[in-house]
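Written out below as C-alpha cells is the structure these notes cover.
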Amino acid sequence: MKKLPPTAMNVVMPFILSIFMSAIISFVSTVKAIGLAPDLLFSWLKAWGLSWVVAFPVLLVVLPIVRRIASLVVAAPDKR
C-alpha cells in the first residue's frame, strides 16, 4: 500500500484520534444514560456518529494549541 506524504500527518493523526476517542467516550456516556439496554448498540452508534462529526473538526483546531501548551511544560529532546 502506498503511504501518504508526511504532511498528511496533520490531518491523519487527528482523524484517527477522533475516531477512537469519540467511540470510547460516546460508549461510556451511552451506557451511563441507558444502561445495558437491548438497543445499546444502535444508540451508541448514533451517538458515536454525532460525536465524531464534532470531534474531528475540533481536534483539527485544538491540536496545534495543545502542542504549543505542551511544549511549555515538556523539554525538547536532546539533539545528539
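All residue names refer to the C-alpha cells as shown: chains lettered A, B, ... in order, residues numbered from 1 in each chain, ligands numbered from 1 in order.
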
Using only C-alpha atoms, which protein or nucleic acid residues come within 10 Å of Leu63 (chain A)? Drop anything in the same chain fewer than 6 positions from it, and give the result as an MDAnalysis selection string.
chainID A and resid 10 13:14 69

Per DSSP on the backbone, filter chain A down to the residues in alpha helix (DSSP H) and report them as a ChimeraX atom specification.
/A:9-34,40-73

Nearest to Val11 (chain A) among A:Leu36, A:Ile25, A:Leu60, A:Val53, with distances taken over only C-alpha atoms: which residue is it?
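Nearest to Val11 (chain A): A:Leu60.
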
Using only C-alpha atoms, can you tell me which of A:Met9, A:Leu17, A:Leu72, A:Met1 comes closest to Val58 (chain A)?
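Closest residue, counting only C-alpha atoms: A:Leu17.
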
Using only C-alpha atoms, determine which residues lie at most 12 Å from Leu50 (chain A), disregarding the query and same-chain residues fewer than 3 positions distant; provide the list as a PyMOL selection string.
chain A and resi 18-19+22-23+25-26+43-47+53-56

With C-alpha atoms kept, could you save the residues just selected as a short mmCIF file (atom, residue, chain, number, x, y, z; two decimals), in the first residue's frame?
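Once everything was written out, this is again33.cif:
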```
data_model
loop_
_atom_site.label_atom_id
_atom_site.label_comp_id
_atom_site.auth_asym_id
_atom_site.auth_seq_id
_atom_site.Cartn_x
_atom_site.Cartn_y
_atom_site.Cartn_z
CA SER A 18 -11.10 11.43 16.89
CA ILE A 19 -12.43 8.01 15.85
CA SER A 22 -15.33 9.68 20.27
CA ALA A 23 -16.07 5.93 20.19
CA ILE A 25 -16.46 8.47 25.27
CA SER A 26 -19.79 8.04 23.46
CA SER A 43 -27.99 4.07 20.41
CA TRP A 44 -24.21 4.04 20.78
CA LEU A 45 -23.57 4.08 17.03
CA LYS A 46 -25.94 7.02 16.66
CA ALA A 47 -24.18 8.88 19.48
CA VAL A 53 -18.72 14.81 13.43
CA VAL A 54 -17.96 17.25 16.25
CA ALA A 55 -14.67 15.71 17.47
CA PHE A 56 -12.73 15.67 14.20
#
```

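Counting from CA of Arg67 (chain A), the distance to CA of Met21 (chain A) is 17.7 Å.
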